[in-house]
$ cat work_20.csv   # CSV, C-alpha atoms
chain,number,residue,atom,x,y,z
A,3,MET,CA,0.0,0.0,0.0
A,4,THR,CA,1.3,3.4,-0.9
A,5,ALA,CA,2.3,5.6,2.1
A,6,ARG,CA,0.2,8.8,1.9
A,7,PHE,CA,0.8,10.3,5.4
A,8,CYS,CA,2.4,9.7,8.8
A,9,LEU,CA,0.1,8.9,11.6
A,10,LEU,CA,1.9,10.1,14.7
A,11,VAL,CA,0.8,8.8,18.1
A,12,VAL,CA,2.1,10.7,21.2
A,13,ALA,CA,2.2,8.1,24.0
A,14,LYS,CA,3.1,8.0,27.7
A,15,ALA,CA,4.1,4.7,29.2
A,16,PRO,CA,1.2,3.3,31.2
A,17,VAL,CA,3.1,2.8,34.4
A,18,PRO,CA,1.2,2.9,37.8
A,19,GLY,CA,1.5,6.3,39.4
A,20,PHE,CA,2.8,7.8,36.1
A,21,ALA,CA,-0.1,7.5,33.7
A,22,LYS,CA,-3.7,8.6,34.1
A,23,THR,CA,-3.3,9.7,37.7
A,24,ARG,CA,-6.5,11.8,37.5
A,25,LEU,CA,-8.5,8.6,37.4
A,26,CYS,CA,-7.4,7.9,41.0
A,27,PRO,CA,-9.7,7.6,42.9
A,28,PRO,CA,-11.9,5.7,42.2
A,29,ALA,CA,-9.3,3.8,40.2
A,30,SER,CA,-6.2,2.5,41.9
A,31,PRO,CA,-2.8,3.4,40.2
A,32,GLU,CA,-2.7,-0.1,38.8
A,33,GLN,CA,-6.2,0.1,37.4
A,34,ALA,CA,-5.4,3.5,35.9
A,35,ALA,CA,-2.4,2.1,34.2
A,36,GLU,CA,-4.5,-0.8,32.8
A,37,ILE,CA,-7.0,1.7,31.4
A,38,ALA,CA,-4.1,3.7,29.9
A,39,ALA,CA,-2.6,0.6,28.4
A,40,ALA,CA,-5.9,-0.5,26.9
A,41,ALA,CA,-6.4,3.0,25.4
A,42,LEU,CA,-3.0,2.9,23.8
A,43,LEU,CA,-3.4,-0.6,22.4
A,44,ASP,CA,-6.9,0.1,21.0
A,45,THR,CA,-5.5,3.3,19.4
A,46,LEU,CA,-2.6,1.5,17.9
A,47,ASP,CA,-5.0,-1.1,16.4
A,48,ALA,CA,-6.9,1.7,14.8
A,49,VAL,CA,-3.7,3.3,13.5
A,50,ALA,CA,-2.5,0.0,12.0
A,51,ALA,CA,-5.8,-0.5,10.2
A,52,THR,CA,-5.8,3.0,8.6
A,53,PRO,CA,-5.1,2.9,4.9
A,54,GLY,CA,-2.2,4.8,3.6
A,55,ALA,CA,-0.8,5.6,7.1
A,56,VAL,CA,2.8,5.2,8.1
A,57,PRO,CA,2.5,4.6,11.9
A,58,VAL,CA,4.9,6.6,14.1
A,59,VAL,CA,4.8,6.6,18.0
A,60,ALA,CA,6.6,9.2,20.0
A,61,VAL,CA,7.1,7.8,23.5
A,62,THR,CA,8.1,8.8,27.0
A,63,GLY,CA,8.4,6.8,30.2
A,64,ASP,CA,9.6,3.3,31.0
A,65,PHE,CA,7.6,0.9,28.8
A,66,ALA,CA,9.4,-2.1,30.3
A,67,ALA,CA,7.5,-1.3,33.6
A,68,ALA,CA,4.2,-0.6,31.9
A,69,ALA,CA,1.0,-2.4,32.2
A,70,ARG,CA,0.6,-4.9,29.4
A,71,SER,CA,4.2,-4.3,28.5
A,72,ALA,CA,4.6,-7.4,26.3
A,73,GLU,CA,1.5,-6.6,24.3
A,74,ILE,CA,2.5,-3.0,23.9
A,75,ARG,CA,6.0,-4.0,22.8
A,76,HIS,CA,4.4,-6.3,20.1
A,77,ALA,CA,2.2,-3.5,18.9
A,78,LEU,CA,5.0,-1.0,18.8
A,79,ALA,CA,7.1,-3.3,16.6
A,80,ARG,CA,4.7,-2.4,13.8
A,81,THR,CA,5.6,1.2,14.0
A,82,THR,CA,8.5,3.7,13.9
A,83,VAL,CA,9.2,4.5,17.6
A,84,LEU,CA,10.8,7.9,18.5
A,85,ASP,CA,11.7,9.2,21.9
A,86,GLN,CA,10.0,12.4,22.9
A,87,ARG,CA,12.4,15.4,23.2
A,88,GLY,CA,12.1,18.6,25.1
A,89,GLY,CA,10.7,20.0,28.2
A,90,PRO,CA,7.2,21.5,28.1
A,91,PHE,CA,4.6,19.4,26.3
A,92,GLY,CA,4.2,21.9,23.4
A,93,GLU,CA,7.9,21.7,22.7
A,94,ARG,CA,7.8,17.9,22.8
A,95,LEU,CA,4.9,17.9,20.3
A,96,ALA,CA,6.7,20.2,18.0
A,97,ASN,CA,9.8,18.0,18.1
A,98,ALA,CA,7.8,14.9,17.5
A,99,HIS,CA,6.4,16.4,14.3
A,100,ALA,CA,10.0,17.4,13.3
A,101,ASP,CA,11.4,14.0,14.0
A,102,THR,CA,8.6,12.3,12.2
A,103,ALA,CA,9.2,14.5,9.1
A,104,ALA,CA,13.0,13.8,9.3
A,105,ARG,CA,12.4,10.1,9.4
A,106,HIS,CA,9.7,10.1,6.7
A,107,PRO,CA,10.4,13.3,4.6
A,108,GLY,CA,7.8,14.7,2.2
A,109,LEU,CA,4.7,13.2,4.0
A,110,PRO,CA,2.1,15.2,5.9
A,111,VAL,CA,1.7,14.3,9.6
A,112,LEU,CA,-1.6,13.6,11.4
A,113,GLN,CA,-1.0,13.6,15.2
A,114,ILE,CA,-3.2,12.0,17.8
A,115,GLY,CA,-2.8,11.0,21.4
A,116,MET,CA,-3.7,7.8,23.3
A,117,ASP,CA,-6.7,9.4,25.0
A,118,THR,CA,-9.3,8.7,22.3
A,119,PRO,CA,-9.6,4.9,22.1
A,120,GLN,CA,-12.9,5.3,20.3
A,121,VAL,CA,-11.2,6.6,17.2
A,122,ARG,CA,-11.7,4.6,14.1
A,123,PRO,CA,-9.6,4.0,11.0
A,124,GLU,CA,-12.2,5.6,8.8
A,125,LEU,CA,-12.1,8.9,10.8
A,126,LEU,CA,-8.3,9.0,10.7
A,127,ALA,CA,-8.2,8.3,7.0
A,128,ALA,CA,-10.8,11.0,6.3
A,129,ALA,CA,-8.8,13.5,8.4
A,130,ALA,CA,-5.7,12.8,6.5
A,131,ALA,CA,-7.5,13.1,3.2
A,132,ASP,CA,-8.6,16.6,4.2
A,133,LEU,CA,-4.9,17.5,4.1
A,134,THR,CA,-4.9,17.3,0.3
A,135,ALA,CA,-7.2,20.3,0.2
A,136,HIS,CA,-6.2,22.1,3.4
A,137,GLU,CA,-2.9,22.9,4.9
A,138,ALA,CA,-4.0,21.9,8.4
A,139,VAL,CA,-6.8,20.1,10.2
A,140,LEU,CA,-7.8,20.4,13.9
A,141,GLY,CA,-10.1,18.1,15.8
A,142,ARG,CA,-11.2,19.6,19.1
A,143,ALA,CA,-12.2,18.0,22.4
A,144,PRO,CA,-15.1,19.2,24.6
A,145,ASP,CA,-12.7,20.3,27.3
A,146,GLY,CA,-11.3,23.0,25.1
A,147,GLY,CA,-8.3,21.1,24.0
A,148,TRP,CA,-7.8,19.0,20.8
A,149,TRP,CA,-7.5,15.3,20.0
A,150,THR,CA,-5.9,15.6,16.6
A,151,LEU,CA,-3.7,18.0,14.6
A,152,GLY,CA,-2.8,17.4,11.0
A,153,LEU,CA,-0.2,19.4,9.1
A,154,ARG,CA,0.7,19.2,5.4
A,155,ASP,CA,4.0,20.9,6.4
A,156,PRO,CA,5.0,19.4,9.7
A,157,ALA,CA,7.4,22.4,10.3
A,158,ALA,CA,4.3,24.4,11.2
A,159,ALA,CA,4.1,22.5,14.4
A,160,ARG,CA,6.8,24.8,15.8
A,161,VAL,CA,3.9,27.1,16.8
A,162,LEU,CA,3.0,24.6,19.5
A,163,GLU,CA,6.0,25.6,21.5
A,164,ASP,CA,4.2,28.8,22.5
A,165,VAL,CA,0.8,27.3,23.1
A,166,PRO,CA,-0.1,26.4,26.7
A,167,MET,CA,-1.4,22.8,26.8
A,168,SER,CA,-4.1,21.1,28.9
A,169,ARG,CA,-6.1,24.3,29.2
A,170,SER,CA,-9.7,25.2,28.4
A,171,ASP,CA,-8.4,27.5,25.6
A,172,THR,CA,-5.7,25.3,24.1
A,173,GLY,CA,-7.8,24.6,21.0
A,174,ASP,CA,-8.5,28.3,20.5
A,175,ARG,CA,-4.8,29.2,21.0
A,176,THR,CA,-3.6,26.4,18.7
A,177,HIS,CA,-6.0,27.6,16.0
A,178,ALA,CA,-4.9,31.2,16.4
A,179,ALA,CA,-1.2,30.4,16.4
A,180,LEU,CA,-1.5,28.4,13.2
A,181,SER,CA,-3.7,31.1,11.6
A,182,GLN,CA,-1.1,33.8,12.4
A,183,ARG,CA,1.4,31.7,10.5
A,184,GLY,CA,-1.0,31.6,7.6
A,185,VAL,CA,-2.0,28.0,8.2
A,186,VAL,CA,-5.8,28.1,8.8
A,187,PRO,CA,-7.0,24.6,10.0
A,188,ARG,CA,-10.1,22.9,8.8
A,189,GLU,CA,-12.2,21.9,11.8
A,190,LEU,CA,-12.9,18.2,12.2
A,191,THR,CA,-15.3,16.1,14.2
A,192,GLU,CA,-15.1,16.7,18.0
A,193,LEU,CA,-14.1,13.7,20.1
A,194,SER,CA,-14.0,13.4,23.9
A,195,ASP,CA,-10.7,12.5,25.4
A,196,VAL,CA,-10.1,10.6,28.7
A,197,ASP,CA,-8.9,12.7,31.6
A,198,THR,CA,-11.2,11.7,34.5
A,199,MET,CA,-13.2,8.6,35.4
A,200,ALA,CA,-16.4,10.2,34.2
A,201,ASP,CA,-14.7,10.7,30.8
A,202,ALA,CA,-13.5,7.1,30.8
A,203,ARG,CA,-16.9,5.8,31.4
A,204,ALA,CA,-18.5,8.0,28.8
A,205,VAL,CA,-16.0,7.0,26.2
A,206,ALA,CA,-16.2,3.3,27.2
A,207,SER,CA,-20.0,3.4,26.5
A,208,VAL,CA,-19.4,4.2,22.8
A,209,CYS,CA,-16.5,2.0,21.9
A,210,ASP,CA,-15.4,-1.7,22.0
A,211,GLY,CA,-12.1,-3.4,22.4
A,212,ARG,CA,-9.9,-3.5,25.5
A,213,PHE,CA,-10.8,-0.1,26.8
A,214,PRO,CA,-14.4,-0.7,28.1
A,215,VAL,CA,-13.2,-3.9,29.7
A,216,ALA,CA,-10.5,-2.1,31.7
A,217,VAL,CA,-12.9,0.7,32.7
A,218,ALA,CA,-15.5,-1.8,33.8
A,219,ALA,CA,-13.0,-3.3,36.3
A,220,VAL,CA,-13.1,-0.1,38.4
A,221,THR,CA,-16.0,-0.1,40.9
A,222,ARG,CA,-17.8,3.2,41.4

$ encode --input "work_20.csv" --output "structure tokens"
Amino acid sequence: MTARFCLLVVAKAPVPGFAKTRLCPPASPEQAAEIAAAALLDTLDAVAATPGAVPVVAVTGDFAAAARSAEIRHALARTTVLDQRGGPFGERLANAHADTAARHPGLPVLQIGMDTPQVRPELLAAAAADLTAHEAVLGRAPDGGWWTLGLRDPAAARVLEDVPMSRSDTGDRTHAALSQRGVVPRELTELSDVDTMADARAVASVCDGRFPVAVAAVTR
């Protein structure tokens, strides 16, 4: 299959006490790590099934100590794995786009996280297809952030270095920063990401795979 774009997943090792700590309580650190691992694995399955995608994963943390480490290692073997570089999250995102472009030059980059396990290959493929007519695409989340950013020219991700992340206005600020560079994003379908246990249960109710099973293991 001809490679048409890079599908970049930004991932944090699902280690107890390191990943998804806002799920605790009611989840234990171990249960939160299981939920994070399930979300990552379901996301990687969707990425692997997306036509035309070159899968790339930018990682941070100790994956050897992660929940479901063997399963994750097997899934990552199907991808190009890069280490995240930099300090603040916006800088690491910009570097991940740059490193992906350096590894796979000439391809647009569609970036997602591991917090939307309900994402489907059709949605990812449609978002990437929009980059043929638009310089950028932006899929927002209800909390004011965003779940995906696609750039025909990955160098435009440098604007993320100056965008505060994990805020109620991150989506607006990202849109404004790109627009000021002359890259006006096309708005995509909104998706809920998983930050709290309420988020996890809401997302679990609309998806299948490992994620709803891991969420169901947490008692209210």

$ residues_around --input "work_20.csv" --residues "segment 162-168 of chain A" --least-positions-apart "4" --cutoff "9 Å" --atoms "only C-alpha atoms" --output "list of chain:residue names"
A:Pro90, A:Phe91, A:Gly92, A:Glu93, A:Arg94, A:Leu95, A:Ala96, A:Asp145, A:Gly146, A:Gly147, A:Ala158, A:Thr172, A:Gly173, A:Arg175, A:Thr176, A:Ala179, A:Leu180

$ atom_distance --input "work_20.csv" --atom1 "atom CA of Ala135 of chain A" --atom2 "atom CA of Ser194 of chain A"
25.6 Å

$ atom_distance --input "work_20.csv" --atom1 "atom CA of Gly108 of chain A" --atom2 "atom CA of Ala178 of chain A"
25.2 Å

$ residues_around --input "work_20.csv" --residues "Ser181 of chain A" --least-positions-apart "2" --cutoff "12 Å" --atoms "only C-alpha atoms" --output "ChimeraX atom specification"
/A:137-140,158-159,161,174-179,183-188

$ closest_residue --input "work_20.csv" --among "A:Arg169, A:Arg154, A:Arg122, A:His76" --to "His136 of chain A" --atoms "all atoms listed in the file"
A:Arg154

$ closest_residue --input "work_20.csv" --among "A:Thr45, A:Thr82, A:Thr134, A:Thr102" --to "Gly115 of chain A" --atoms "all atoms listed in the file"
A:Thr45

$ closest_residue --input "work_20.csv" --among "A:Cys26, A:Leu151, A:His99, A:Pro144" --to "Ser170 of chain A" --atoms "only C-alpha atoms"
A:Pro144

$ closest_residue --input "work_20.csv" --among "A:Pro27, A:Pro110, A:Gly89, A:Pro123" --to "Ala50 of chain A" --atoms "all atoms listed in the file"
A:Pro123

$ atom_distance --input "work_20.csv" --atom1 "atom CA of Asp117 of chain A" --atom2 "atom CA of Ala66 of chain A"
20.5 Å

$ residues_around --input "work_20.csv" --residues "Arg80 of chain A" --least-positions-apart "3" --cutoff "10 Å" --atoms "all atoms listed in the file" --output "PyMOL selection string"
chain A and resi 46+50+56-59+75-77+83

$ residues_around --input "work_20.csv" --residues "Ala67 of chain A" --least-positions-apart "2" --cutoff "12 Å" --atoms "only C-alpha atoms" --output "list in words"
Lys14, Ala15, Pro16, Val17, Pro18, Gly19, Phe20, Ala21, Glu32, Ala35, Ala39, Gly63, Asp64, Phe65, Ala69, Arg70, Ser71, Ala72, Ile74 and Arg75 of chain A

$ residues_around --input "work_20.csv" --residues "Leu42 of chain A" --least-positions-apart "5" --cutoff "8 Å" --atoms "all atoms listed in the file" --output "CSV table (one decimal) with C-alpha atoms, keeping the file's coordinate frame"
chain,number,residue,atom,x,y,z
A,13,ALA,CA,2.2,8.1,24.0
A,116,MET,CA,-3.7,7.8,23.3
A,117,ASP,CA,-6.7,9.4,25.0
A,119,PRO,CA,-9.6,4.9,22.1

$ closest_residue --input "work_20.csv" --among "A:Leu112, A:Met199, A:Ala55, A:Ala103" --to "Pro214 of chain A" --atoms "all atoms listed in the file"
A:Met199

$ build_atoms --input "work_20.csv" --residues "segment 40-63 of chain A" --atoms "N, CA, C and O atoms" --output "PDB file, in the coordinates of the input"
ATOM      1  N   ALA A  40      -4.853  -0.074  27.835  1.00  0.00           N
ATOM      2  CA  ALA A  40      -5.900  -0.500  26.900  1.00  0.00           C
ATOM      3  C   ALA A  40      -6.211   0.605  25.902  1.00  0.00           C
ATOM      4  O   ALA A  40      -6.427   0.312  24.717  1.00  0.00           O
ATOM      5  N   ALA A  41      -6.218   1.855  26.341  1.00  0.00           N
ATOM      6  CA  ALA A  41      -6.400   3.000  25.400  1.00  0.00           C
ATOM      7  C   ALA A  41      -5.362   3.029  24.356  1.00  0.00           C
ATOM      8  O   ALA A  41      -5.634   3.229  23.159  1.00  0.00           O
ATOM      9  N   LEU A  42      -4.116   2.860  24.767  1.00  0.00           N
ATOM     10  CA  LEU A  42      -3.000   2.900  23.800  1.00  0.00           C
ATOM     11  C   LEU A  42      -3.106   1.751  22.814  1.00  0.00           C
ATOM     12  O   LEU A  42      -2.948   1.946  21.603  1.00  0.00           O
ATOM     13  N   LEU A  43      -3.369   0.554  23.307  1.00  0.00           N
ATOM     14  CA  LEU A  43      -3.400  -0.600  22.400  1.00  0.00           C
ATOM     15  C   LEU A  43      -4.588  -0.496  21.432  1.00  0.00           C
ATOM     16  O   LEU A  43      -4.435  -0.816  20.244  1.00  0.00           O
ATOM     17  N   ASP A  44      -5.755  -0.048  21.896  1.00  0.00           N
ATOM     18  CA  ASP A  44      -6.900   0.100  21.000  1.00  0.00           C
ATOM     19  C   ASP A  44      -6.565   1.201  19.934  1.00  0.00           C
ATOM     20  O   ASP A  44      -6.924   1.073  18.754  1.00  0.00           O
ATOM     21  N   THR A  45      -5.885   2.257  20.372  1.00  0.00           N
ATOM     22  CA  THR A  45      -5.500   3.300  19.400  1.00  0.00           C
ATOM     23  C   THR A  45      -4.512   2.784  18.396  1.00  0.00           C
ATOM     24  O   THR A  45      -4.644   3.070  17.197  1.00  0.00           O
ATOM     25  N   LEU A  46      -3.533   2.012  18.829  1.00  0.00           N
ATOM     26  CA  LEU A  46      -2.600   1.500  17.900  1.00  0.00           C
ATOM     27  C   LEU A  46      -3.209   0.491  16.906  1.00  0.00           C
ATOM     28  O   LEU A  46      -2.793   0.418  15.740  1.00  0.00           O
ATOM     29  N   ASP A  47      -4.233  -0.230  17.347  1.00  0.00           N
ATOM     30  CA  ASP A  47      -5.000  -1.100  16.400  1.00  0.00           C
ATOM     31  C   ASP A  47      -5.648  -0.261  15.333  1.00  0.00           C
ATOM     32  O   ASP A  47      -5.632  -0.632  14.147  1.00  0.00           O
ATOM     33  N   ALA A  48      -6.264   0.845  15.728  1.00  0.00           N
ATOM     34  CA  ALA A  48      -6.900   1.700  14.800  1.00  0.00           C
ATOM     35  C   ALA A  48      -5.920   2.312  13.786  1.00  0.00           C
ATOM     36  O   ALA A  48      -6.167   2.404  12.572  1.00  0.00           O
ATOM     37  N   VAL A  49      -4.770   2.708  14.314  1.00  0.00           N
ATOM     38  CA  VAL A  49      -3.700   3.300  13.500  1.00  0.00           C
ATOM     39  C   VAL A  49      -3.233   2.243  12.458  1.00  0.00           C
ATOM     40  O   VAL A  49      -3.064   2.535  11.263  1.00  0.00           O
ATOM     41  N   ALA A  50      -3.003   1.011  12.911  1.00  0.00           N
ATOM     42  CA  ALA A  50      -2.500   0.000  12.000  1.00  0.00           C
ATOM     43  C   ALA A  50      -3.486  -0.363  10.912  1.00  0.00           C
ATOM     44  O   ALA A  50      -3.076  -0.800   9.825  1.00  0.00           O
ATOM     45  N   ALA A  51      -4.782  -0.141  11.165  1.00  0.00           N
ATOM     46  CA  ALA A  51      -5.800  -0.500  10.200  1.00  0.00           C
ATOM     47  C   ALA A  51      -6.166   0.720   9.276  1.00  0.00           C
ATOM     48  O   ALA A  51      -7.038   0.592   8.415  1.00  0.00           O
ATOM     49  N   THR A  52      -5.488   1.856   9.443  1.00  0.00           N
ATOM     50  CA  THR A  52      -5.800   3.000   8.600  1.00  0.00           C
ATOM     51  C   THR A  52      -5.068   2.988   7.315  1.00  0.00           C
ATOM     52  O   THR A  52      -3.828   2.955   7.270  1.00  0.00           O
ATOM     53  N   PRO A  53      -5.787   2.978   6.209  1.00  0.00           N
ATOM     54  CA  PRO A  53      -5.100   2.900   4.900  1.00  0.00           C
ATOM     55  C   PRO A  53      -4.247   4.059   4.575  1.00  0.00           C
ATOM     56  O   PRO A  53      -4.605   5.203   4.847  1.00  0.00           O
ATOM     57  N   GLY A  54      -3.090   3.783   4.025  1.00  0.00           N
ATOM     58  CA  GLY A  54      -2.200   4.800   3.600  1.00  0.00           C
ATOM     59  C   GLY A  54      -1.331   5.434   4.707  1.00  0.00           C
ATOM     60  O   GLY A  54      -0.519   6.324   4.447  1.00  0.00           O
ATOM     61  N   ALA A  55      -1.494   4.950   5.946  1.00  0.00           N
ATOM     62  CA  ALA A  55      -0.800   5.600   7.100  1.00  0.00           C
ATOM     63  C   ALA A  55       0.545   4.892   7.340  1.00  0.00           C
ATOM     64  O   ALA A  55       0.658   3.666   7.302  1.00  0.00           O
ATOM     65  N   VAL A  56       1.547   5.716   7.611  1.00  0.00           N
ATOM     66  CA  VAL A  56       2.800   5.200   8.100  1.00  0.00           C
ATOM     67  C   VAL A  56       2.786   5.476   9.639  1.00  0.00           C
ATOM     68  O   VAL A  56       2.817   6.625  10.089  1.00  0.00           O
ATOM     69  N   PRO A  57       2.677   4.433  10.464  1.00  0.00           N
ATOM     70  CA  PRO A  57       2.500   4.600  11.900  1.00  0.00           C
ATOM     71  C   PRO A  57       3.826   5.002  12.589  1.00  0.00           C
ATOM     72  O   PRO A  57       4.846   4.336  12.410  1.00  0.00           O
ATOM     73  N   VAL A  58       3.764   6.078  13.377  1.00  0.00           N
ATOM     74  CA  VAL A  58       4.900   6.600  14.100  1.00  0.00           C
ATOM     75  C   VAL A  58       4.416   6.794  15.573  1.00  0.00           C
ATOM     76  O   VAL A  58       3.322   7.324  15.772  1.00  0.00           O
ATOM     77  N   VAL A  59       5.215   6.399  16.562  1.00  0.00           N
ATOM     78  CA  VAL A  59       4.800   6.600  18.000  1.00  0.00           C
ATOM     79  C   VAL A  59       5.980   7.321  18.668  1.00  0.00           C
ATOM     80  O   VAL A  59       7.121   6.834  18.690  1.00  0.00           O
ATOM     81  N   ALA A  60       5.676   8.485  19.239  1.00  0.00           N
ATOM     82  CA  ALA A  60       6.600   9.200  20.000  1.00  0.00           C
ATOM     83  C   ALA A  60       6.384   8.926  21.497  1.00  0.00           C
ATOM     84  O   ALA A  60       5.300   9.206  22.010  1.00  0.00           O
ATOM     85  N   VAL A  61       7.363   8.332  22.162  1.00  0.00           N
ATOM     86  CA  VAL A  61       7.100   7.800  23.500  1.00  0.00           C
ATOM     87  C   VAL A  61       7.914   8.505  24.569  1.00  0.00           C
ATOM     88  O   VAL A  61       8.956   9.104  24.321  1.00  0.00           O
ATOM     89  N   THR A  62       7.366   8.401  25.794  1.00  0.00           N
ATOM     90  CA  THR A  62       8.100   8.800  27.000  1.00  0.00           C
ATOM     91  C   THR A  62       7.729   7.895  28.108  1.00  0.00           C
ATOM     92  O   THR A  62       6.623   7.340  28.155  1.00  0.00           O
ATOM     93  N   GLY A  63       8.668   7.684  29.022  1.00  0.00           N
ATOM     94  CA  GLY A  63       8.400   6.800  30.200  1.00  0.00           C
ATOM     95  C   GLY A  63       9.047   5.416  29.945  1.00  0.00           C
ATOM     96  O   GLY A  63       9.567   5.088  28.874  1.00  0.00           O
TER      97      GLY A  63
END
